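Raw protein_17.txt, compact mmCIF, C-alpha atoms:
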```
# COMPACT_ATOMS: atom_id res chain seq x y z
CA MET A 1 0.00 0.00 0.00
CA LYS A 2 1.06 3.57 -0.65
CA LYS A 3 2.20 5.63 2.31
CA ASN A 4 0.29 8.89 2.80
CA VAL A 5 2.46 12.01 2.88
CA LEU A 6 1.10 15.38 4.01
CA VAL A 7 2.90 18.50 2.74
CA PHE A 8 2.38 21.74 4.69
CA PRO A 9 2.20 24.47 3.53
CA CYS A 10 1.83 22.86 0.13
CA GLY A 11 1.67 26.05 -1.96
CA SER A 12 5.10 27.37 -1.01
CA GLU A 13 7.93 26.96 -3.51
CA ILE A 14 9.21 24.24 -1.19
CA GLY A 15 5.83 22.47 -1.15
CA LEU A 16 5.59 22.65 -4.93
CA GLU A 17 9.07 21.14 -5.34
CA ILE A 18 8.11 18.31 -2.97
CA TYR A 19 5.06 17.68 -5.15
CA ARG A 20 7.12 17.59 -8.34
CA SER A 21 9.58 15.23 -6.65
CA LEU A 22 6.94 12.73 -5.53
CA GLU A 23 4.01 13.04 -7.97
CA PHE A 24 5.02 9.98 -10.00
CA SER A 25 6.16 7.82 -7.07
CA LYS A 26 4.35 4.51 -6.82
CA GLU A 27 5.13 4.28 -3.10
CA PHE A 28 3.50 7.49 -1.86
CA LYS A 29 0.19 9.33 -2.02
CA LEU A 30 0.46 13.11 -1.63
CA LEU A 31 -1.89 15.35 0.30
CA GLY A 32 -1.40 19.10 0.55
CA ALA A 33 -2.55 21.50 3.25
CA SER A 34 -2.33 25.26 3.66
CA SER A 35 -3.37 27.99 6.06
CA VAL A 36 -4.20 30.50 3.33
CA ALA A 37 -5.44 30.13 -0.24
CA ASP A 38 -2.37 29.46 -2.34
CA HIS A 39 -1.18 27.75 -5.51
CA GLY A 40 -1.29 24.38 -3.80
CA LYS A 41 -5.01 23.98 -4.46
CA PHE A 42 -4.28 24.12 -8.19
CA VAL A 43 -1.61 21.42 -7.93
CA TYR A 44 -2.52 18.93 -5.22
CA GLN A 45 -5.48 16.70 -6.06
CA ASN A 46 -5.92 16.05 -2.34
CA TYR A 47 -5.98 19.58 -0.90
CA ILE A 48 -6.91 20.57 2.66
CA PRO A 49 -7.49 24.31 3.25
CA ASN A 50 -7.87 26.55 6.30
CA ILE A 51 -5.20 25.07 8.57
CA PRO A 52 -4.45 27.30 11.58
CA PHE A 53 -1.13 29.13 11.53
CA VAL A 54 1.70 27.52 13.49
CA GLU A 55 1.38 30.18 16.21
CA ASN A 56 -2.24 29.20 16.86
CA ASP A 57 -2.85 27.12 19.99
CA GLU A 58 -5.04 24.75 17.96
CA PHE A 59 -2.46 24.08 15.25
CA ILE A 60 -1.20 20.72 16.56
CA ASN A 61 -4.72 19.52 17.43
CA VAL A 62 -5.93 20.27 13.90
CA ILE A 63 -2.88 18.63 12.32
CA ASN A 64 -3.41 15.51 14.43
CA LYS A 65 -7.07 15.34 13.37
CA ILE A 66 -5.98 15.49 9.73
CA ILE A 67 -3.33 12.84 10.35
CA LYS A 68 -5.91 10.47 11.84
CA LYS A 69 -8.66 11.21 9.33
CA HIS A 70 -6.43 10.72 6.29
CA GLN A 71 -4.14 8.09 7.87
CA ILE A 72 -1.05 10.20 7.29
CA ASP A 73 2.23 8.34 7.67
CA TYR A 74 4.64 11.26 7.15
CA ILE A 75 4.43 15.02 7.18
CA PHE A 76 6.82 17.10 5.08
CA PRO A 77 7.22 20.65 6.47
CA ALA A 78 7.60 23.20 3.67
CA HIS A 79 8.39 26.42 5.55
CA ASP A 80 11.09 27.28 8.07
CA SER A 81 8.66 28.15 10.87
CA VAL A 82 6.72 24.95 10.23
CA VAL A 83 9.93 22.92 10.29
CA LEU A 84 10.73 24.24 13.77
CA LYS A 85 7.19 23.85 15.15
CA LEU A 86 6.69 20.30 13.92
CA ALA A 87 10.15 19.27 15.09
CA GLN A 88 9.35 20.73 18.51
CA GLU A 89 6.01 18.89 18.69
CA ARG A 90 7.33 15.65 17.16
CA ASP A 91 6.36 13.54 20.18
CA SER A 92 2.81 14.96 20.14
CA LEU A 93 2.17 14.09 16.51
CA ALA A 94 0.59 10.87 15.30
CA CYS A 95 3.00 10.51 12.37
CA GLU A 96 6.69 11.00 11.54
CA VAL A 97 8.05 14.45 10.71
CA LEU A 98 10.53 14.54 7.84
CA THR A 99 13.21 16.81 9.24
CA SER A 100 16.16 16.78 11.60
CA SER A 101 16.01 16.91 15.40
CA PHE A 102 14.40 19.81 17.23
CA GLU A 103 17.80 20.91 18.53
CA THR A 104 19.11 21.18 14.97
CA CYS A 105 15.99 22.95 13.71
CA GLU A 106 16.12 25.42 16.61
CA LEU A 107 19.81 26.12 16.04
CA THR A 108 19.51 26.65 12.29
CA ARG A 109 16.37 28.82 12.59
CA SER A 110 18.57 31.46 14.23
CA LYS A 111 21.24 32.95 12.00
CA LEU A 112 23.07 34.24 15.08
CA GLN A 113 23.16 30.83 16.79
CA THR A 114 24.20 29.17 13.53
CA TYR A 115 27.13 31.57 13.09
CA GLN A 116 28.20 31.27 16.72
CA ASN A 117 28.04 27.49 16.57
CA LEU A 118 30.01 27.18 13.33
CA LYS A 119 32.38 30.16 13.36
CA SER A 120 35.30 28.06 14.57
CA ILE A 121 34.51 25.34 12.00
CA ILE A 122 33.90 27.22 8.74
CA PRO A 123 34.07 30.89 7.66
CA THR A 124 31.09 32.98 8.76
CA PRO A 125 30.34 36.69 8.20
CA ARG A 126 31.69 39.23 10.66
CA ILE A 127 28.95 40.39 13.04
CA PHE A 128 28.89 44.02 14.22
CA LYS A 129 27.49 43.61 17.73
CA ASP A 130 28.03 47.23 18.82
CA LEU A 131 26.57 49.52 16.18
CA ASN A 132 28.24 52.54 17.76
CA LYS A 133 31.65 51.11 16.98
CA ILE A 134 31.02 50.72 13.27
CA LYS A 135 33.46 52.83 11.25
CA ASP A 136 32.89 54.53 7.92
CA SER A 137 35.36 52.10 6.36
CA ASP A 138 33.13 49.16 7.40
CA PHE A 139 30.38 50.18 5.00
CA PRO A 140 28.51 48.87 3.10
CA ILE A 141 26.91 46.65 5.75
CA PHE A 142 24.21 44.07 5.29
CA LEU A 143 21.22 43.97 7.64
CA LYS A 144 18.99 40.95 8.07
CA PRO A 145 16.74 39.48 10.80
CA GLU A 146 18.19 36.88 13.14
CA VAL A 147 15.16 34.73 12.25
CA GLY A 148 13.89 34.94 8.70
CA GLN A 149 13.88 33.43 5.26
CA GLY A 150 14.52 34.56 1.73
CA SER A 151 15.35 38.23 1.33
CA LYS A 152 12.47 39.51 3.46
CA ASN A 153 13.40 42.52 5.60
CA THR A 154 17.02 42.59 4.46
CA TYR A 155 18.85 45.79 3.59
CA LEU A 156 22.19 46.92 2.19
CA VAL A 157 23.18 50.14 3.97
CA ASN A 158 25.92 52.49 2.85
CA ASN A 159 26.27 54.89 5.79
CA LYS A 160 25.42 55.47 9.46
CA GLU A 161 22.24 57.39 8.66
CA GLU A 162 20.78 54.43 6.75
CA LEU A 163 22.00 52.07 9.46
CA CYS A 164 20.20 54.03 12.18
CA PHE A 165 17.03 54.34 10.12
CA TYR A 166 16.60 50.60 9.56
CA THR A 167 17.80 49.38 12.96
CA ASN A 168 15.52 51.84 14.77
CA LYS A 169 12.67 50.58 12.59
CA ASP A 170 13.45 46.91 13.29
CA HIS A 171 15.49 46.05 16.38
CA SER A 172 15.80 42.39 15.36
CA LEU A 173 18.14 43.20 12.48
CA MET A 174 21.67 41.86 12.62
CA ALA A 175 24.49 43.99 11.20
CA LEU A 176 26.82 41.82 9.15
CA GLU A 177 29.82 42.09 6.92
CA TYR A 178 28.64 42.62 3.35
CA LEU A 179 29.54 39.75 1.04
CA PRO A 180 29.69 41.18 -2.48
CA GLY A 181 30.57 38.05 -4.47
CA LYS A 182 28.70 35.16 -6.03
CA GLU A 183 26.12 33.27 -3.99
CA TYR A 184 25.73 29.49 -3.91
CA THR A 185 23.35 26.92 -2.49
CA VAL A 186 24.63 23.43 -1.74
CA ASP A 187 21.99 20.68 -1.70
CA CYS A 188 22.85 17.89 0.74
CA PHE A 189 21.66 14.56 2.04
CA THR A 190 22.60 12.78 5.26
CA ASP A 191 21.45 9.24 5.97
CA LYS A 192 20.25 7.77 9.27
CA SER A 193 23.78 6.82 10.30
CA GLY A 194 24.89 10.45 9.95
CA SER A 195 26.89 9.88 6.78
CA LEU A 196 26.89 12.67 4.22
CA LEU A 197 25.95 10.91 0.97
CA PHE A 198 25.46 13.90 -1.31
CA SER A 199 26.45 17.54 -1.72
CA GLN A 200 25.95 19.51 -4.93
CA GLY A 201 26.52 23.22 -5.39
CA ARG A 202 24.58 25.56 -7.63
CA GLU A 203 25.11 29.25 -8.25
CA ARG A 204 22.18 31.55 -7.48
CA VAL A 205 22.62 33.66 -10.60
CA ARG A 206 19.38 35.66 -10.48
CA ILE A 207 17.25 36.02 -7.37
CA LEU A 208 13.68 37.30 -7.14
CA ASN A 209 11.96 37.75 -3.77
CA GLY A 210 14.54 35.49 -2.16
CA ILE A 211 13.98 32.70 -4.71
CA SER A 212 16.68 31.63 -7.12
CA VAL A 213 14.99 31.99 -10.50
CA ASN A 214 18.16 31.32 -12.47
CA SER A 215 20.68 28.80 -11.23
CA LYS A 216 23.41 26.62 -12.67
CA VAL A 217 25.27 23.61 -11.32
CA ILE A 218 28.77 24.40 -10.04
CA ASN A 219 31.26 21.70 -9.07
CA ASN A 220 33.67 22.95 -6.42
CA LEU A 221 35.58 20.81 -3.91
CA LYS A 222 35.10 23.57 -1.32
CA PHE A 223 31.38 22.84 -1.28
CA GLU A 224 31.95 19.22 -0.31
CA TYR A 225 34.51 20.27 2.31
CA LEU A 226 32.09 22.74 3.90
CA ALA A 227 29.24 20.22 3.73
CA LYS A 228 31.32 17.65 5.61
CA LYS A 229 32.33 20.19 8.26
CA ILE A 230 28.71 21.24 8.82
CA ASN A 231 27.54 17.62 8.87
CA GLU A 232 30.17 16.76 11.48
CA SER A 233 29.12 19.70 13.68
CA ILE A 234 25.31 19.53 13.46
CA ASP A 235 23.00 16.53 13.85
CA LEU A 236 21.38 16.46 10.41
CA ASP A 237 18.96 13.85 9.07
CA GLY A 238 17.71 13.54 5.51
CA VAL A 239 17.53 16.42 3.07
CA TRP A 240 19.15 19.76 3.94
CA PHE A 241 21.07 22.58 2.34
CA PHE A 242 23.35 25.48 3.13
CA GLN A 243 24.09 28.77 1.41
CA VAL A 244 27.41 30.56 1.09
CA LYS A 245 28.57 33.76 -0.55
CA GLU A 246 31.96 35.14 -1.55
CA ASN A 247 33.42 37.93 0.56
CA LYS A 248 35.51 40.72 -0.95
CA GLU A 249 38.56 38.43 -0.93
CA GLY A 250 36.66 35.80 -2.88
CA GLU A 251 36.43 33.38 0.05
CA LEU A 252 33.17 31.59 0.83
CA ALA A 253 31.32 32.59 3.99
CA LEU A 254 28.21 30.92 5.41
CA LEU A 255 24.79 32.53 5.02
CA GLU A 256 22.55 29.84 6.45
CA VAL A 257 21.91 26.15 7.05
CA ALA A 258 18.39 24.77 6.67
CA PRO A 259 17.19 21.20 7.47
CA ARG A 260 14.55 21.13 4.75
CA VAL A 261 13.89 20.94 1.03
CA ALA A 262 14.86 23.98 -1.05
CA GLY A 263 12.65 25.27 -3.85
CA THR A 264 15.37 24.96 -6.49
CA MET A 265 16.43 21.43 -5.50
CA SER A 266 14.91 20.52 -8.85
CA MET A 267 18.47 21.02 -10.14
CA SER A 268 19.69 18.01 -8.17
CA ARG A 269 16.56 16.09 -9.12
CA MET A 270 17.27 16.68 -12.81
CA LEU A 271 20.70 15.14 -12.25
CA GLY A 272 19.05 12.01 -10.85
CA VAL A 273 19.15 12.78 -7.12
CA ASN A 274 15.58 13.09 -5.80
CA LEU A 275 16.24 14.40 -2.29
CA PRO A 276 12.65 14.42 -0.94
CA LEU A 277 12.19 10.83 -2.13
CA LEU A 278 15.52 9.80 -0.60
CA SER A 279 14.46 11.35 2.71
CA LEU A 280 11.25 9.35 2.76
CA PHE A 281 13.05 6.09 2.06
CA SER A 282 15.68 6.91 4.67
CA PHE A 283 13.05 7.68 7.33
CA MET A 284 11.36 4.38 6.44
CA GLY A 285 14.59 2.63 7.37
CA TYR A 286 15.86 1.76 3.91
CA GLU A 287 19.50 2.01 2.95
CA VAL A 288 19.67 4.53 0.12
CA ASN A 289 22.17 5.05 -2.68
CA ILE A 290 23.03 8.07 -4.81
CA LEU A 291 23.05 7.85 -8.60
CA LYS A 292 24.04 11.18 -10.15
CA ASN A 293 24.32 12.01 -13.82
CA ASN A 294 27.37 13.98 -14.92
CA PHE A 295 26.22 16.80 -17.16
CA GLY A 296 25.96 20.53 -16.83
CA ILE A 297 22.54 22.06 -16.26
CA GLU A 298 21.02 25.50 -15.83
CA VAL A 299 17.48 26.35 -14.76
CA ASP A 300 15.54 29.54 -15.39
CA ARG A 301 12.16 29.91 -13.74
CA SER A 302 9.14 32.04 -14.56
CA LEU A 303 5.53 32.14 -13.50
CA LYS A 304 3.51 29.13 -14.66
CA SER A 305 -0.24 29.50 -14.82
CA ARG A 306 -2.65 26.79 -13.74
CA TYR A 307 -6.40 27.03 -14.14
CA LYS A 308 -9.56 25.60 -12.65
CA ILE A 309 -12.68 25.90 -14.81
CA ASN A 310 -16.28 24.83 -14.23
CA LEU A 311 -16.58 22.87 -17.47
CA ASN A 312 -17.65 19.25 -17.66
CA PHE A 313 -17.34 17.27 -20.86
CA GLU A 314 -17.29 13.68 -22.01
CA ASN A 315 -16.25 14.06 -25.65
CA ILE A 316 -13.24 15.77 -27.22
CA TYR A 317 -13.20 16.59 -30.92
CA VAL A 318 -9.76 17.31 -32.35
CA ASP A 319 -8.78 18.63 -35.78
CA PHE A 320 -5.85 17.11 -37.67
CA ASP A 321 -4.14 19.62 -39.97
CA ASP A 322 -2.46 22.52 -38.10
CA THR A 323 -3.83 21.20 -34.81
CA LEU A 324 -2.75 17.62 -34.10
CA ILE A 325 -0.06 18.06 -36.74
CA ILE A 326 1.72 21.42 -36.93
CA ASP A 327 4.52 22.21 -39.39
CA ASP A 328 4.62 18.55 -40.39
CA LYS A 329 5.35 17.48 -36.78
CA ILE A 330 3.21 15.84 -34.12
CA ASN A 331 1.84 18.38 -31.64
CA HIS A 332 3.30 16.70 -28.56
CA LYS A 333 1.43 19.00 -26.18
CA LEU A 334 -1.96 18.04 -27.59
CA MET A 335 -0.95 14.37 -27.73
CA SER A 336 -0.05 14.56 -24.05
CA PHE A 337 -3.50 15.98 -23.30
CA ILE A 338 -5.15 13.26 -25.39
CA TYR A 339 -3.45 10.46 -23.47
CA ARG A 340 -4.37 12.12 -20.20
CA TRP A 341 -8.02 12.30 -21.26
CA LEU A 342 -7.93 8.68 -22.36
CA GLY A 343 -6.87 7.84 -18.81
CA GLU A 344 -10.00 9.62 -17.61
CA ASN A 345 -12.20 7.59 -19.99
CA LYS A 346 -13.06 10.52 -22.25
CA ASN A 347 -14.12 9.90 -25.82
CA ILE A 348 -11.60 11.25 -28.34
CA TYR A 349 -12.83 12.01 -31.87
CA LEU A 350 -10.57 13.01 -34.74
CA ILE A 351 -12.62 15.26 -37.02
CA THR A 352 -10.94 16.50 -40.17
CA LYS A 353 -11.23 17.55 -43.79
CA HIS A 354 -7.75 16.23 -44.48
CA SER A 355 -7.15 16.08 -48.24
CA LYS A 356 -5.30 12.74 -48.17
CA ASP A 357 -5.99 9.26 -46.82
CA ILE A 358 -6.24 10.00 -43.10
CA ASP A 359 -5.35 6.45 -42.06
CA LYS A 360 -2.13 6.54 -44.08
CA SER A 361 -1.31 9.99 -42.76
CA LEU A 362 -1.75 8.81 -39.17
CA MET A 363 0.48 5.82 -39.88
CA GLY A 364 3.06 8.15 -41.39
CA TYR A 365 3.25 10.05 -38.12
CA LYS A 366 3.18 6.77 -36.14
CA ILE A 367 -0.12 7.76 -34.49
CA SER A 368 -2.34 4.79 -33.74
CA SER A 369 -5.93 5.16 -34.91
CA ASP A 370 -6.92 3.09 -31.85
CA ILE A 371 -6.61 6.12 -29.57
CA PHE A 372 -9.68 7.65 -31.22
CA THR A 373 -13.22 6.62 -30.43
CA GLU A 374 -13.99 7.49 -34.04
CA ILE A 375 -12.23 9.13 -36.97
CA ILE A 376 -14.64 11.46 -38.77
CA HIS A 377 -13.22 12.21 -42.21
CA LEU A 378 -15.39 14.90 -43.79
CA LYS A 379 -15.86 16.03 -47.32
CA PRO A 380 -14.94 19.67 -48.03
CA GLU A 381 -18.57 20.75 -48.21
CA GLU A 382 -19.59 19.10 -44.90
CA GLU A 383 -19.83 21.10 -41.67
CA LYS A 384 -18.08 19.89 -38.52
CA TYR A 385 -20.80 21.09 -36.18
CA GLU A 386 -23.22 18.56 -37.67
CA PHE A 387 -21.14 15.68 -36.27
CA ILE A 388 -20.48 16.99 -32.78
CA LYS A 389 -22.46 15.72 -29.81
CA GLU A 390 -23.59 17.56 -26.71
CA ASN A 391 -21.34 17.69 -23.65
CA SER A 392 -18.25 18.09 -25.82
CA ILE A 393 -15.30 20.36 -26.44
CA PHE A 394 -13.85 21.19 -29.84
CA ILE A 395 -10.17 21.94 -30.59
CA ASP A 396 -9.31 23.42 -33.98
CA ASP A 397 -6.89 25.99 -35.38
CA SER A 398 -9.58 27.57 -37.60
CA PHE A 399 -11.51 30.48 -36.12
CA SER A 400 -14.36 30.03 -38.59
CA GLU A 401 -14.71 26.36 -37.63
CA ARG A 402 -14.65 27.20 -33.92
CA LYS A 403 -17.22 29.97 -34.42
CA SER A 404 -19.53 27.67 -36.34
CA VAL A 405 -19.33 24.89 -33.75
CA PHE A 406 -19.80 27.32 -30.88
CA LEU A 407 -22.88 28.98 -32.38
CA LYS A 408 -24.52 25.79 -33.58
CA THR A 409 -23.78 23.39 -30.72
CA LYS A 410 -23.17 25.72 -27.74
CA ASN A 411 -20.14 23.56 -26.85
CA ALA A 412 -16.89 25.17 -25.65
CA VAL A 413 -14.27 25.61 -28.37
CA PHE A 414 -10.51 26.06 -28.11
CA SER A 415 -7.50 26.89 -30.24
CA MET A 416 -4.17 25.35 -29.28
CA ASN A 417 -3.04 28.43 -27.34
CA GLU A 418 -6.14 28.16 -25.15
CA ILE A 419 -6.06 24.54 -24.02
CA ASP A 420 -3.85 25.14 -20.96
CA CYS A 421 -7.01 25.86 -18.98
CA LEU A 422 -8.05 22.23 -19.56
CA GLU A 423 -4.99 20.87 -17.77
CA GLY A 424 -6.69 20.94 -14.36
CA ASN A 425 -9.92 19.33 -15.62
```
Rewrite the structure from the file as structure tokens, please.
Amino acid sequence: MKKNVLVFPCGSEIGLEIYRSLEFSKEFKLLGASSVADHGKFVYQNYIPNIPFVENDEFINVINKIIKKHQIDYIFPAHDSVVLKLAQERDSLACEVLTSSFETCELTRSKLQTYQNLKSIIPTPRIFKDLNKIKDSDFPIFLKPEVGQGSKNTYLVNNKEELCFYTNKDHSLMALEYLPGKEYTVDCFTDKSGSLLFSQGRERVRILNGISVNSKVINNLKFEYLAKKINESIDLDGVWFFQVKENKEGELALLEVAPRVAGTMSMSRMLGVNLPLLSLFSFMGYEVNILKNNFGIEVDRSLKSRYKINLNFENIYVDFDDTLIIDDKINHKLMSFIYRWLGENKNIYLITKHSKDIDKSLMGYKISSDIFTEIIHLKPEEEKYEFIKENSIFIDDSFSERKSVFLKTKNAVFSMNEIDCLEGN
């Protein structure tokens, strides 16, 4: 039987990466939960809304009710505050939490404690504890909260006036040495015996709202060295990562350590190392192995739209020329949709005025006629709308054909650049 895995909050970039890592796994069933309406409800088929925030006194009670109702075996925390809370309440929960010990989560949640704990082990940024002793030559200085994530509430200040303005506004800000060089994330995995099995660096080339939207794999022996030093100093379990940045001398200094999945761990997954999946197997007691491909890779991320529409249909009518076949090539996107609909027991009709023998043309593109409920090969003078049933959708490149079908049958009609909204149906 599949193990049930709850991801919370499922709509964060972390929760979405966990989904992409596990969606095709035959061993696990995914459920997503969130406190606020987020993108998770467009992704997770099993979505649970309106969870109390972690600060709420009822949070653990509600989570335990969900665990019991849905027979959850594992919960994957997908936010730093949730990581800490669930690790703290581990003994009160009715399922396993996929993260390191509470002591590790508490330590790494605080940048100050992390730096103090590791400063004798690996390079860390200089901390200006007494703001009054900061000299003009120390600027620029970087300000960030002791507890935080991403780039939220962080500032680069160039003089004492800016320093006073921001620190008076937020007393939790730490004043740190500014690291002007390149920034890297190192994805890591530690097994149940404490052995570091994997460390892979990637440069954070372009960052938006604290998220690395462009990143490329970087192989550097220093990353492995730092990973081993951190792993020897902190009790880590499963997936984790750390971030470093070059100081003005070009040396790497630590930014943070986090005992959780990172949103851009897809880079390691593309190389064959599925860190969320490895964590699950490790927590289940299995001995895991790393198989990593050796090729360069770069990722660039942009917004992806998902849609939910209130449209029910049983039949799909698809045109051939310039729709299923475009520029003498199979339209792989539409073919992917067709096979998905076949899996949902929809009826697929090929309706076309193709000028040649349609069966031979299908064979020429290696498309099996068996995928279609019926192939409707029309004469030039026949109208498509006359052959289309109720409760259908119609996909065709021709505006005039779509207009005719829409007016005559009242069915929904789509061109190829409109079918993305059908992905969630």
Determine, using all atoms listed in the file, which residues of stretch 302-398 of chain A have any atom at most 12 Å from an atom of stretch 43-49 of chain A, and tabulate each with its shortest atom pair and distance in Å to one decimal place, rows ordered by chain and then rising number, as a tab-separated table.
```
residue	atom	partner	partner_atom	distance
A:Lys304	CA	A:Val43	CA	11.4
A:Ser305	CA	A:Val43	CA	10.7
A:Arg306	CA	A:Val43	CA	8.0
A:Tyr307	CA	A:Val43	CA	9.6
A:Lys308	CA	A:Val43	CA	10.1
```
Can you pull out the residues contacting A:Asn159? Cut-off 12 Å, using all atoms listed in the file, and skip same-chain residues under 3 positions away; I want them as a PyMOL selection string. chain A and resi 131+134-142+155-156+162-166
Residues within 9 Å of A:Glu374, all atoms listed in the file, excluding chain neighbours under 2 positions, as a PyMOL selection string: chain A and resi 347-351+369-372+376
Would you kindly return, as number ranges by chain, each protein, DNA or RNA residue with an atom no farther than 9 Å from any atom of A:Asp38, considering all atoms listed in the file and excluding same-chain residues fewer than 5 positions away? A: 9-12
Produce a file of the selected residues containing C-alpha atoms, as a tab-separated table (two decimals), in the frame of the given file.
```tsv
chain	number	residue	atom	x	y	z
A	9	PRO	CA	2.20	24.47	3.53
A	10	CYS	CA	1.83	22.86	0.13
A	11	GLY	CA	1.67	26.05	-1.96
A	12	SER	CA	5.10	27.37	-1.01
```
Neighbouring residues of A:Val405 were defined as those with any atom within 8 Å, considering all atoms listed in the file; residues of the same chain fewer than 4 positions away were excluded. Please report them as an MDAnalysis selection string. chainID A and resid 384:385 394 401 409:411 413
Within 7 Å of A:Ile14, counting all atoms listed in the file, which residues show up once you throw out same-chain ones fewer than 4 positions away? Write them as a PyMOL selection string, please. chain A and resi 18+78+261-263
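Picture a line from atom CA of A:Asn117 to atom CA of A:Ile234; it runs 9.0 Å.
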